[in-house]
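Participant: Pasting data.cif here (mmCIF, C-alpha atoms and all ligand atoms):
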```
data_target
loop_
_atom_site.label_atom_id
_atom_site.label_comp_id
_atom_site.auth_asym_id
_atom_site.auth_seq_id
_atom_site.Cartn_x
_atom_site.Cartn_y
_atom_site.Cartn_z
CA MET A 1 0.00 0.00 0.00
CA LYS A 2 1.33 3.43 -0.95
CA SER A 3 1.06 6.25 1.55
CA SER A 4 -0.66 9.20 -0.14
CA ASN A 5 -0.93 12.89 0.62
CA ARG A 6 -2.86 15.65 -1.12
CA TYR A 7 -1.53 19.11 -2.00
CA ASP A 8 -2.63 22.17 -3.95
CA VAL A 9 0.70 22.09 -5.80
CA LEU A 10 3.32 19.35 -5.98
CA ILE A 11 6.74 20.41 -7.23
CA VAL A 12 8.93 17.54 -8.37
CA GLY A 13 12.61 18.47 -8.01
CA GLY A 14 14.24 20.51 -5.26
CA GLY A 15 16.88 22.51 -7.14
CA VAL A 16 16.93 26.28 -7.56
CA ILE A 17 14.00 26.14 -10.01
CA GLY A 18 11.70 23.99 -7.85
CA LEU A 19 12.50 25.93 -4.68
CA ALA A 20 12.06 29.33 -6.33
CA VAL A 21 8.70 28.23 -7.78
CA ALA A 22 7.60 27.02 -4.33
CA ARG A 23 8.46 30.40 -2.80
CA GLU A 24 6.62 32.34 -5.49
CA LEU A 25 3.50 30.17 -5.08
CA ARG A 26 3.49 30.74 -1.33
CA LYS A 27 3.83 34.49 -1.87
CA LYS A 28 0.69 34.27 -4.03
CA GLY A 29 -1.14 32.63 -1.16
CA VAL A 30 -1.12 29.00 -2.31
CA ARG A 31 -1.41 26.95 0.89
CA ARG A 32 -0.52 23.30 0.54
CA ILE A 33 2.74 23.10 -1.40
CA ALA A 34 5.13 20.14 -1.42
CA VAL A 35 8.57 19.79 -2.97
CA ALA A 36 9.51 16.14 -3.63
CA GLU A 37 13.24 15.58 -4.08
CA ARG A 38 14.77 12.24 -4.99
CA GLY A 39 17.95 12.93 -3.00
CA GLU A 40 18.94 15.77 -0.71
CA ILE A 41 17.42 19.15 -1.47
CA GLY A 42 19.52 21.51 -3.61
CA LYS A 43 22.52 19.26 -4.11
CA GLU A 44 22.55 18.78 -7.89
CA ALA A 45 23.22 21.26 -10.74
CA SER A 46 22.14 24.25 -8.68
CA PHE A 47 24.76 23.43 -6.04
CA ALA A 48 27.46 22.69 -8.63
CA ALA A 49 26.96 26.02 -10.44
CA ALA A 50 29.25 29.04 -10.42
CA GLY A 51 26.44 31.50 -9.67
CA MET A 52 27.26 33.86 -12.53
CA LEU A 53 24.44 36.06 -13.85
CA LEU A 54 25.66 36.66 -17.39
CA PRO A 55 23.01 37.94 -19.80
CA HIS A 56 25.74 39.47 -22.00
CA ALA A 57 28.59 36.94 -21.82
CA GLU A 58 26.36 33.89 -22.33
CA THR A 59 24.02 34.98 -25.13
CA ASN A 60 24.72 35.15 -28.85
CA GLU A 61 22.09 37.51 -30.22
CA ALA A 62 19.46 40.04 -29.13
CA ASP A 63 16.70 37.42 -29.24
CA ASP A 64 13.96 36.11 -26.93
CA PHE A 65 16.53 34.20 -24.90
CA TYR A 66 18.56 37.37 -24.29
CA ARG A 67 15.38 39.21 -23.24
CA PHE A 68 14.45 36.35 -20.91
CA CYS A 69 17.94 36.53 -19.35
CA MET A 70 17.75 40.32 -18.96
CA ASP A 71 14.23 40.27 -17.50
CA SER A 72 15.30 37.69 -14.92
CA PHE A 73 18.51 39.59 -14.23
CA GLY A 74 16.36 42.66 -13.56
CA LEU A 75 14.62 40.81 -10.72
CA TYR A 76 17.82 39.89 -8.87
CA ASP A 77 18.23 43.01 -6.71
CA GLU A 78 14.73 42.59 -5.31
CA PHE A 79 15.12 38.80 -5.05
CA ALA A 80 18.31 39.18 -2.95
CA THR A 81 16.82 41.92 -0.75
CA GLU A 82 13.60 40.00 -0.13
CA LEU A 83 15.43 36.76 0.67
CA LEU A 84 17.59 38.60 3.19
CA ASP A 85 14.46 40.05 4.86
CA GLU A 86 12.62 36.75 4.74
CA THR A 87 15.41 34.43 5.90
CA GLY A 88 18.35 36.48 7.22
CA ILE A 89 20.55 34.83 4.56
CA ASP A 90 22.65 37.11 2.36
CA ILE A 91 23.02 35.50 -1.08
CA GLU A 92 26.04 37.74 -1.81
CA LEU A 93 24.78 39.45 -4.94
CA ASP A 94 28.01 40.91 -6.33
CA ARG A 95 27.77 43.76 -8.83
CA GLU A 96 31.47 44.07 -9.75
CA GLY A 97 30.79 43.05 -13.35
CA THR A 98 32.50 40.67 -15.77
CA LEU A 99 35.61 40.91 -17.92
CA TYR A 100 35.31 38.92 -21.16
CA LEU A 101 38.84 38.38 -22.48
CA ALA A 102 40.80 37.31 -25.55
CA PHE A 103 44.22 35.67 -25.34
CA ASP A 104 44.50 34.70 -29.01
CA GLU A 105 43.57 36.18 -32.39
CA LYS A 106 40.52 33.96 -32.89
CA SER A 107 38.97 35.14 -29.61
CA ALA A 108 39.88 38.75 -30.39
CA VAL A 109 37.89 38.44 -33.65
CA GLU A 110 34.93 36.98 -31.72
CA ILE A 111 35.15 39.91 -29.31
CA GLY A 112 35.02 42.36 -32.22
CA HIS A 113 31.84 40.72 -33.56
CA ARG A 114 30.29 40.54 -30.11
CA PHE A 115 31.01 44.20 -29.43
CA ALA A 116 29.49 45.16 -32.79
CA TRP A 117 26.13 43.39 -32.33
CA GLN A 118 25.85 44.13 -28.63
CA SER A 119 26.58 47.85 -28.95
CA ARG A 120 24.28 48.04 -32.01
CA SER A 121 21.53 46.53 -29.85
CA GLY A 122 22.14 49.11 -27.11
CA MET A 123 23.47 46.61 -24.55
CA GLY A 124 25.69 47.52 -21.62
CA VAL A 125 29.09 46.60 -23.10
CA GLU A 126 32.43 48.44 -23.06
CA ARG A 127 35.42 47.53 -25.23
CA VAL A 128 38.59 47.57 -23.11
CA SER A 129 42.28 47.48 -24.09
CA ALA A 130 44.88 45.20 -22.50
CA ARG A 131 46.14 48.16 -20.45
CA GLU A 132 42.65 49.00 -19.18
CA ILE A 133 42.00 45.34 -18.32
CA ARG A 134 45.18 45.13 -16.27
CA SER A 135 44.41 48.35 -14.46
CA MET A 136 40.99 46.90 -13.54
CA GLU A 137 42.44 43.50 -12.52
CA PRO A 138 46.25 43.66 -12.15
CA LEU A 139 46.68 39.88 -11.94
CA ILE A 140 45.29 39.24 -15.43
CA SER A 141 48.00 37.79 -17.69
CA PRO A 142 50.14 40.29 -19.66
CA ASN A 143 49.31 38.08 -22.67
CA VAL A 144 45.74 39.38 -22.74
CA LEU A 145 45.01 40.99 -26.12
CA GLU A 146 41.80 42.87 -25.45
CA GLY A 147 38.37 42.40 -23.94
CA LEU A 148 34.87 43.53 -23.13
CA PHE A 149 33.59 44.75 -19.80
CA PHE A 150 30.01 43.91 -18.89
CA PRO A 151 28.98 46.09 -15.91
CA ASN A 152 25.64 44.24 -15.80
CA ASP A 153 26.95 40.70 -15.63
CA TRP A 154 27.02 39.88 -11.91
CA GLN A 155 27.26 36.84 -9.65
CA VAL A 156 25.63 35.34 -6.54
CA GLU A 157 26.75 32.67 -4.09
CA ASN A 158 24.42 30.00 -5.45
CA ARG A 159 24.84 27.69 -2.44
CA LYS A 160 23.65 30.51 -0.17
CA LEU A 161 20.77 31.11 -2.57
CA LEU A 162 19.74 27.47 -2.15
CA ALA A 163 20.09 27.76 1.64
CA ALA A 164 17.91 30.88 1.61
CA LEU A 165 15.22 29.27 -0.55
CA LEU A 166 15.19 26.18 1.66
CA LYS A 167 14.93 28.30 4.80
CA TYR A 168 12.08 30.25 3.21
CA ALA A 169 10.31 26.95 2.59
CA GLU A 170 10.85 25.79 6.17
CA LEU A 171 9.68 29.10 7.65
CA ASN A 172 6.58 29.20 5.45
CA GLY A 173 5.13 25.73 5.84
CA ILE A 174 6.18 24.34 2.45
CA SER A 175 6.56 20.55 2.79
CA ILE A 176 10.03 19.40 1.79
CA ILE A 177 10.10 15.66 1.12
CA GLU A 178 13.64 14.36 0.60
CA ASN A 179 14.69 10.90 -0.63
CA CYS A 180 11.44 10.77 -2.57
CA GLU A 181 11.72 9.84 -6.23
CA VAL A 182 8.44 10.17 -8.14
CA ASN A 183 8.81 9.23 -11.80
CA GLU A 184 5.21 8.48 -12.78
CA LEU A 185 2.75 11.32 -13.27
CA ILE A 186 -0.78 10.28 -12.33
CA LEU A 187 -3.02 10.76 -15.38
CA GLU A 188 -6.83 10.77 -15.09
CA SER A 189 -8.89 11.76 -18.15
CA GLY A 190 -6.38 14.29 -19.46
CA ASN A 191 -5.60 15.73 -16.02
CA ILE A 192 -2.35 15.27 -14.12
CA ARG A 193 -3.30 14.56 -10.51
CA GLY A 194 0.14 14.34 -8.89
CA ALA A 195 3.00 11.87 -9.09
CA GLU A 196 4.04 8.56 -7.64
CA GLY A 197 7.06 6.39 -7.09
CA LYS A 198 8.09 3.38 -5.05
CA GLY A 199 5.89 3.37 -1.94
CA VAL A 200 4.69 6.94 -2.39
CA LYS A 201 1.77 8.66 -4.06
CA LEU A 202 1.52 12.47 -3.90
CA LEU A 203 -1.83 13.83 -5.10
CA ALA A 204 -2.11 17.45 -6.22
CA ASP A 205 -4.36 19.79 -8.19
CA ASN A 206 -1.28 21.09 -10.03
CA THR A 207 2.12 19.46 -10.57
CA VAL A 208 5.28 21.35 -11.50
CA LEU A 209 8.14 19.38 -13.05
CA ALA A 210 11.46 20.95 -12.05
CA THR A 211 13.46 17.78 -12.49
CA GLY A 212 16.50 19.25 -14.26
CA ALA A 213 18.72 16.78 -16.13
CA TRP A 214 16.50 13.84 -15.04
CA THR A 215 13.32 15.09 -16.73
CA SER A 216 13.38 12.41 -19.45
CA PHE A 217 12.91 9.69 -16.80
CA ILE A 218 9.41 10.98 -16.05
CA ASN A 219 6.53 8.88 -17.42
CA ILE A 220 3.07 10.21 -18.10
CA GLY A 221 0.36 7.58 -17.77
CA GLY A 222 2.89 4.85 -18.62
CA GLU A 223 4.26 6.72 -21.68
CA PRO A 224 7.78 8.20 -21.78
CA PHE A 225 8.19 11.96 -21.35
CA PRO A 226 7.75 13.57 -24.81
CA ILE A 227 10.57 16.13 -24.52
CA PRO A 228 14.16 14.91 -24.34
CA VAL A 229 16.34 16.70 -21.80
CA LYS A 230 19.90 15.49 -21.39
CA PRO A 231 22.69 16.07 -18.86
CA MET A 232 25.72 18.17 -19.85
CA LYS A 233 28.43 17.61 -17.30
CA GLY A 234 30.42 20.51 -15.88
CA GLN A 235 33.51 20.03 -13.75
CA MET A 236 34.69 22.81 -11.45
CA LEU A 237 37.60 23.59 -9.12
CA CYS A 238 37.86 25.91 -6.16
CA PHE A 239 41.10 27.66 -5.13
CA ARG A 240 41.85 29.07 -1.70
CA ALA A 241 42.94 32.73 -2.05
CA GLU A 242 42.96 35.99 -0.10
CA PRO A 243 39.79 38.10 -0.44
CA GLY A 244 40.26 40.76 -3.11
CA MET A 245 42.88 38.91 -5.15
CA LEU A 246 40.36 39.15 -7.99
CA ARG A 247 37.22 41.25 -7.84
CA LYS A 248 35.45 40.71 -11.15
CA VAL A 249 34.28 37.57 -12.87
CA VAL A 250 36.87 36.72 -15.54
CA PHE A 251 35.38 34.95 -18.57
CA GLY A 252 37.83 33.61 -21.14
CA PRO A 253 37.52 31.38 -24.21
CA ASN A 254 38.59 28.26 -22.28
CA GLY A 255 37.04 28.87 -18.88
CA TYR A 256 36.03 31.35 -16.23
CA LEU A 257 37.10 32.48 -12.76
CA VAL A 258 34.60 33.59 -10.14
CA PRO A 259 35.96 35.31 -7.01
CA ARG A 260 33.81 34.85 -3.90
CA ALA A 261 33.54 37.31 -1.00
CA ASP A 262 35.50 35.01 1.34
CA GLY A 263 38.44 34.84 -1.08
CA ARG A 264 37.73 31.49 -2.73
CA ILE A 265 38.08 31.53 -6.51
CA LEU A 266 35.97 29.09 -8.51
CA ALA A 267 37.36 27.89 -11.84
CA GLY A 268 34.94 26.44 -14.37
CA ALA A 269 33.80 24.66 -16.24
CA THR A 270 33.96 21.75 -18.64
CA VAL A 271 30.99 21.05 -20.92
CA GLU A 272 30.82 17.30 -21.54
CA ASP A 273 28.22 15.01 -23.06
CA ALA A 274 29.01 12.19 -20.61
CA GLY A 275 25.63 10.87 -19.48
CA PHE A 276 24.90 10.90 -15.76
CA ASP A 277 28.54 10.43 -14.72
CA LYS A 278 29.59 13.07 -12.17
CA ALA A 279 33.21 12.00 -11.67
CA VAL A 280 35.95 14.62 -11.53
CA THR A 281 38.66 13.51 -13.96
CA ALA A 282 42.38 14.22 -14.26
CA ASP A 283 41.78 15.66 -17.76
CA GLY A 284 39.01 17.89 -16.48
CA VAL A 285 41.16 19.24 -13.64
CA GLU A 286 44.08 19.79 -16.01
CA SER A 287 41.95 21.75 -18.50
CA LEU A 288 40.51 23.95 -15.73
CA ARG A 289 43.93 24.60 -14.19
CA SER A 290 45.43 25.54 -17.55
CA ALA A 291 42.53 27.87 -18.46
CA ALA A 292 42.94 29.54 -15.05
CA LEU A 293 46.72 29.88 -15.57
CA GLU A 294 46.19 31.39 -19.02
CA ALA A 295 43.93 34.12 -17.61
CA VAL A 296 45.54 34.68 -14.20
CA PRO A 297 49.04 33.15 -13.91
CA ALA A 298 49.04 33.66 -10.12
CA THR A 299 46.45 30.88 -9.78
CA GLY A 300 49.40 28.52 -10.34
CA ASN A 301 50.43 29.21 -6.72
CA LEU A 302 46.98 28.55 -5.26
CA GLU A 303 45.85 25.40 -3.48
CA VAL A 304 42.82 23.58 -4.90
CA ILE A 305 40.50 23.03 -1.94
CA GLU A 306 37.48 21.49 -3.65
CA SER A 307 36.50 19.96 -6.97
CA TRP A 308 33.12 18.72 -8.16
CA ALA A 309 30.92 18.12 -11.17
CA GLY A 310 27.26 18.79 -11.88
CA LEU A 311 24.77 18.05 -14.64
CA ARG A 312 23.30 20.96 -16.59
CA PRO A 313 19.83 20.14 -17.96
CA MET A 314 19.86 20.66 -21.74
CA ALA A 315 17.04 20.35 -24.30
CA GLY A 316 17.81 19.64 -27.96
CA ASP A 317 18.00 23.33 -28.91
CA GLY A 318 19.78 24.42 -25.71
CA LEU A 319 16.83 26.61 -24.66
CA PRO A 320 14.61 26.38 -21.57
CA VAL A 321 11.41 24.34 -21.62
CA LEU A 322 8.51 26.09 -19.87
CA GLY A 323 4.77 25.67 -19.52
CA ASP A 324 2.19 23.00 -20.21
CA ILE A 325 1.93 20.04 -22.57
CA GLU A 326 -0.96 20.33 -25.02
CA GLY A 327 -3.89 18.13 -23.99
CA LEU A 328 -2.82 17.73 -20.36
CA SER A 329 -4.13 19.98 -17.64
CA GLY A 330 -2.63 20.42 -14.18
CA LEU A 331 0.97 20.02 -15.40
CA HIS A 332 3.61 22.76 -15.63
CA ILE A 333 7.15 22.20 -16.89
CA ALA A 334 10.16 24.27 -15.77
CA THR A 335 13.34 22.65 -16.95
CA ALA A 336 16.31 22.71 -19.38
CA HIS A 337 17.83 25.94 -18.12
CA PHE A 338 21.18 24.52 -19.28
CA ARG A 339 23.97 27.06 -18.50
CA ASN A 340 21.79 29.75 -16.95
CA GLY A 341 19.38 28.29 -14.38
CA ILE A 342 20.65 30.42 -11.51
CA LEU A 343 20.18 33.57 -13.59
CA LEU A 344 16.76 32.44 -14.85
CA ALA A 345 15.30 31.20 -11.54
CA PRO A 346 13.51 34.38 -10.36
CA LEU A 347 11.63 34.96 -13.61
CA THR A 348 10.94 31.26 -14.21
CA ALA A 349 9.39 31.15 -10.73
CA LYS A 350 7.10 34.11 -11.46
CA ILE A 351 6.06 32.71 -14.84
CA ILE A 352 5.25 29.23 -13.52
CA ALA A 353 3.50 30.52 -10.39
CA ALA A 354 1.32 32.80 -12.55
CA ALA A 355 0.44 29.87 -14.83
CA VAL A 356 -0.44 27.62 -11.87
CA CYS A 357 -2.66 30.36 -10.43
CA ALA A 358 -4.29 30.88 -13.87
CA GLU A 359 -3.12 34.51 -13.97
CA GLY A 360 -2.03 34.37 -17.58
CA ARG A 361 0.47 32.86 -19.95
CA SER A 362 3.81 34.62 -20.17
CA GLU A 363 5.29 35.57 -23.56
CA TYR A 364 8.19 33.34 -22.51
CA ILE A 365 5.92 30.29 -22.33
CA ARG A 366 5.06 31.05 -25.93
CA ALA A 367 8.77 31.39 -26.82
CA PHE A 368 10.06 28.43 -24.81
CA GLY A 369 6.97 26.20 -24.66
CA THR A 370 6.82 22.45 -25.18
CA ARG A 371 5.02 22.67 -28.55
CA ARG A 372 8.29 23.19 -30.41
CA PHE A 373 9.06 19.54 -29.57
CA THR A 374 5.65 17.89 -29.54
CA THR A 375 4.52 19.44 -32.85
CA ALA A 376 7.80 18.46 -34.54
CA ALA A 377 7.41 14.87 -33.24
CA ALA A 378 3.78 14.67 -34.41
CA SER A 379 4.55 16.01 -37.90
CA GLY A 380 7.82 14.07 -38.28
P1 LIG A 401 18.84 20.85 -10.40
O1 LIG A 401 19.54 21.77 -9.49
O2 LIG A 401 19.65 19.72 -10.96
O3 LIG A 401 17.59 20.29 -9.62
C1 LIG A 401 16.75 19.29 -10.15
C2 LIG A 401 16.38 18.42 -8.96
O4 LIG A 401 15.37 17.51 -9.33
C3 LIG A 401 17.56 17.58 -8.48
O5 LIG A 401 17.82 17.88 -7.12
C4 LIG A 401 17.09 16.15 -8.68
O6 LIG A 401 17.57 15.25 -7.71
C5 LIG A 401 15.57 16.30 -8.63
N1 LIG A 401 14.83 15.25 -9.33
C6 LIG A 401 15.04 14.85 -10.61
N2 LIG A 401 14.14 13.87 -10.93
C7 LIG A 401 13.38 13.67 -9.83
C8 LIG A 401 12.30 12.78 -9.55
N3 LIG A 401 11.84 11.93 -10.46
N4 LIG A 401 11.72 12.83 -8.32
C9 LIG A 401 12.19 13.72 -7.39
N5 LIG A 401 13.22 14.56 -7.60
C10 LIG A 401 13.80 14.55 -8.81
N6 LIG A 401 23.74 28.67 -14.19
C11 LIG A 401 23.85 30.01 -14.03
O7 LIG A 401 22.86 30.74 -14.14
N7 LIG A 401 25.06 30.58 -13.75
C12 LIG A 401 26.20 29.84 -13.63
O8 LIG A 401 27.27 30.38 -13.37
C13 LIG A 401 26.12 28.46 -13.82
N8 LIG A 401 27.23 27.69 -13.72
C14 LIG A 401 27.14 26.34 -13.84
C15 LIG A 401 28.28 25.58 -13.67
C16 LIG A 401 28.19 24.20 -13.69
C17 LIG A 401 29.43 23.38 -13.50
C18 LIG A 401 26.94 23.58 -13.89
C19 LIG A 401 26.82 22.08 -13.85
C20 LIG A 401 25.79 24.34 -14.07
C21 LIG A 401 25.88 25.73 -14.08
N9 LIG A 401 24.78 26.55 -14.27
C22 LIG A 401 24.85 27.89 -14.10
C23 LIG A 401 23.49 25.97 -14.69
C24 LIG A 401 22.56 25.80 -13.50
O9 LIG A 401 23.25 25.16 -12.47
C25 LIG A 401 21.34 24.98 -13.91
O10 LIG A 401 20.73 25.50 -15.07
C26 LIG A 401 20.30 25.00 -12.76
O11 LIG A 401 20.91 24.64 -11.56
C27 LIG A 401 19.14 24.07 -13.07
O12 LIG A 401 18.33 24.07 -11.94
P2 LIG A 401 17.27 22.91 -11.71
O13 LIG A 401 16.59 23.18 -10.42
O14 LIG A 401 16.47 22.75 -12.94
O15 LIG A 401 18.19 21.59 -11.64
N1 LIG A 402 27.12 29.23 -17.01
C1 LIG A 402 28.33 28.59 -16.70
C2 LIG A 402 28.34 27.15 -16.93
O1 LIG A 402 27.31 26.57 -17.22
O2 LIG A 402 29.40 26.57 -16.84
#
```
Let's see the structure in the file written out as structure tokens.
Facilitator:
Amino acid sequence: MKSSNRYDVLIVGGGVIGLAVARELRKKGVRRIAVAERGEIGKEASFAAAGMLLPHAETNEADDFYRFCMDSFGLYDEFATELLDETGIDIELDREGTLYLAFDEKSAVEIGHRFAWQSRSGMGVERVSAREIRSMEPLISPNVLEGLFFPNDWQVENRKLLAALLKYAELNGISIIENCEVNELILESGNIRGAEGKGVKLLADNTVLATGAWTSFINIGGEPFPIPVKPMKGQMLCFRAEPGMLRKVVFGPNGYLVPRADGRILAGATVEDAGFDKAVTADGVESLRSAALEAVPATGNLEVIESWAGLRPMAGDGLPVLGDIEGLSGLHIATAHFRNGILLAPLTAKIIAAAVCAEGRSEYIRAFGTRRFTTAAASG
């Protein structure tokens, strides 16, 4: 016999997306909310991330995805302030900005193109010479050729963000159910009525899937999930350093460095199509160390104090997957945030909470909805 509980909203997946959606629903007055997490809350991609908020360094044109990134970025000040008020946890929103650098001719050409389309589109981008870069960050390699400065590409301490969202849930009566894998959505006459797994059945009027890289393991009424989402592994290192050694995020062609308030410097990240393997490898460490050395030679003297890998959730086109599936009511998808789920969490949460509360369908559900996959499958 399965134990069963009933909720207004069941959120499957307790990463940054699931937790941020839970908070937004509670702020709208939804009462019985549960987050079911197959392992420990907030310990997958969202924990592995670097916490960069990079609408300008991580987008390639002034398209819907860029606008989605910027609109979510625009919520971060308020998100950080509210979380501090609500939980007492400072998520260390750091507004120092990002240096985007070239160390070889090919990257310098890319920088020229990037500057052209970004400045044409009115984005916050400054072209900076090698001398200017080294006066901003004296430890950058003298081999730097040139770069861009993005004053509006920031960072947060993503592990503190997860801690704050979890504390919000605990303080506000959101049920957190750990070690609870629910892979089967309960389908009754076109309605999703919750989800179940081994020994557990969670009934709900609305179900939100925030299952990250594991989304393709979800079944709907015995059928496989119609939208493939795959894991893209990212390995990271963390150096011990003195606070202030670097102040800005340094984003180079082969990797990035993210200085934290306590002095730690994160070095990331590989992008590997390696299934669900989360091992840190000698090759991965070597590539991260050499990218760090190329940008900031002084990292060669720093001790590595932590290394890890996480799985970015990626859909076929690399874009988020948001909203409903045609023909199924009571189901809301929020996944495939790939390289930018920390940046996109505040706006994703607002969009999904509004959809659950039937307050309207965001333009971003139209842009990043599930139909782009289901229609292609039906017609192909
Ligand atoms: P996750 O954090 O993976 O959470 C999904 C959760 O769902 C997991 O805890 C999982 O256990 C649970 N789950 C899955 N299936 C089930 C089930 N059937 N039942 C119950 N629970 C289930 N983004 C940025 O914005 N900035 C960055 O600087 C950045 N850097 C990154 C660096 C690395 C190395 C990596 C790996 C990612 C990075 N990202 C970054 C991307 C970001 O981490 C992800 O886009 C984001 O964390 C996705 O959040 P999520 O909640 O969807 O996934
Ligand atoms: N956005 C950084 C990463 O995914 O590695």
Participant: Using Å and a single decimal, report how far atom CA of Lys233 of chain A sits from atom CA of Ala213 of chain A.
Facilitator: 9.8 Å
Participant: Which residues are close to segment 150-157 of chain A, i.e. within 7 Å by only C-alpha atoms, leaving aside same-chain residues fewer than 6 positions away? Reply as a list in words.
Facilitator: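 Neighbouring residues, sequence-local ones excluded: Gly51, Met52, Leu53, Leu54, Pro55, His56, Ile91, Glu92, Leu93, Asp94, Arg95, Glu96, Gly97, Thr98, Leu99, Gly124, Val125 and Glu126 of chain A.
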Participant: Taking all atoms listed in the file into account, list the residues no farther than 7 Å from ligand LIG 401 (chain A), as an MDAnalysis selection string.
Facilitator: chainID A and resid 12:18 36:53 180:183 210:215 217:218 233:236 268:269 309:313 335:344
Participant: Atom CA of Ala163 of chain A to atom CA of Glu178 of chain A: how many Å, to one decimal?
Facilitator: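 Interatomic distance, atom CA of Ala163 of chain A to atom CA of Glu178 of chain A: 14.9 Å.
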Participant: Is it possible to get the residues within 10 Å of (37.6, 39.5, -24.8) (coordinates as in the file, counting only C-alpha atoms) written as a PyMOL selection string?
Facilitator: chain A and resi 57+99-104+107-112+114-115+127-130+133+144-149+250-253
Participant: So which one's closest to Ile227 of chain A, A:Thr374, A:Asn158, A:Ser362, A:Ser135? Using only C-alpha atoms, please.
Facilitator: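 Under the stated criterion, the closest residue is A:Thr374.
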Participant: Got a sec: who's within 9 Å of segment 187-203 of chain A, counting only C-alpha atoms, leaving out chain neighbours fewer than 4 positions off, as an NGL selection string?
Facilitator: :A and (1-10 or 12 or 34 or 36 or 180-183 or 207 or 220-222 or 327-331)
Participant: Using the file's own x, y and z axes, so that the box edges lie along x, y and z, what centre and edge lengths in Å (one decimal) does a box around every listed atom of ligand LIG 402 (chain A) get when 4 Å is added on each side? Give it as lines of an AutoDock Vina configuration file.
Facilitator:
```
center_x = 28.3
center_y = 27.9
center_z = -17.0
size_x = 10.3
size_y = 10.7
size_z = 8.5
```
Participant: Here is a test: counting all atoms listed in the file, which residue of A:Tyr256, A:Lys27, A:Glu294, A:Pro346 is nearest to ligand LIG 402 (chain A)?
Facilitator: A:Tyr256
Participant: Need to verify the contact set: Phe65 of chain A, 12 Å, all atoms listed in the file, exclusion of same-chain residues closer than 6 positions in sequence. Can you return it as a CSV table (one decimal) with C-alpha atoms, keeping the file's coordinate frame?
Facilitator:
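What follows is the written file part_34.csv:
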```
chain,number,residue,atom,x,y,z
A,55,PRO,CA,23.0,37.9,-19.8
A,56,HIS,CA,25.7,39.5,-22.0
A,58,GLU,CA,26.4,33.9,-22.3
A,59,THR,CA,24.0,35.0,-25.1
A,71,ASP,CA,14.2,40.3,-17.5
A,72,SER,CA,15.3,37.7,-14.9
A,317,ASP,CA,18.0,23.3,-28.9
A,318,GLY,CA,19.8,24.4,-25.7
A,319,LEU,CA,16.8,26.6,-24.7
A,320,PRO,CA,14.6,26.4,-21.6
A,321,VAL,CA,11.4,24.3,-21.6
A,337,HIS,CA,17.8,25.9,-18.1
A,340,ASN,CA,21.8,29.8,-17.0
A,343,LEU,CA,20.2,33.6,-13.6
A,344,LEU,CA,16.8,32.4,-14.8
A,363,GLU,CA,5.3,35.6,-23.6
A,364,TYR,CA,8.2,33.3,-22.5
A,365,ILE,CA,5.9,30.3,-22.3
A,366,ARG,CA,5.1,31.0,-25.9
A,367,ALA,CA,8.8,31.4,-26.8
A,368,PHE,CA,10.1,28.4,-24.8
```
Participant: Nearest to ligand LIG 402 (chain A): which of A:Leu266, A:Leu347, A:Lys278, A:Val35 is it, counting only C-alpha atoms and all ligand atoms?
Facilitator: A:Leu266
Participant: Identify which of the residues A:Ile305, A:Leu166, A:Cys69, A:Ala116 lies closest to ligand LIG 402 (chain A), counting only C-alpha atoms and all ligand atoms when measuring atom-to-atom distances.
Facilitator: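 Looking only at the distances to ligand LIG 402 (chain A), the closest residue turns out to be A:Cys69.
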Participant: Looking at only C-alpha atoms, which of A:Tyr66, A:Phe239, A:Arg264, A:Leu19 is the one that sits closest to Lys167 of chain A?
Facilitator: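 For Lys167 of chain A, the nearest of the candidates is A:Leu19.
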Participant: Please list as a ChimeraX atom specification every residue within 10 Å of Pro138 of chain A, counting only C-alpha atoms and excluding residues in the same chain fewer than 6 positions away.
Facilitator: /A:131-132,245-246,296
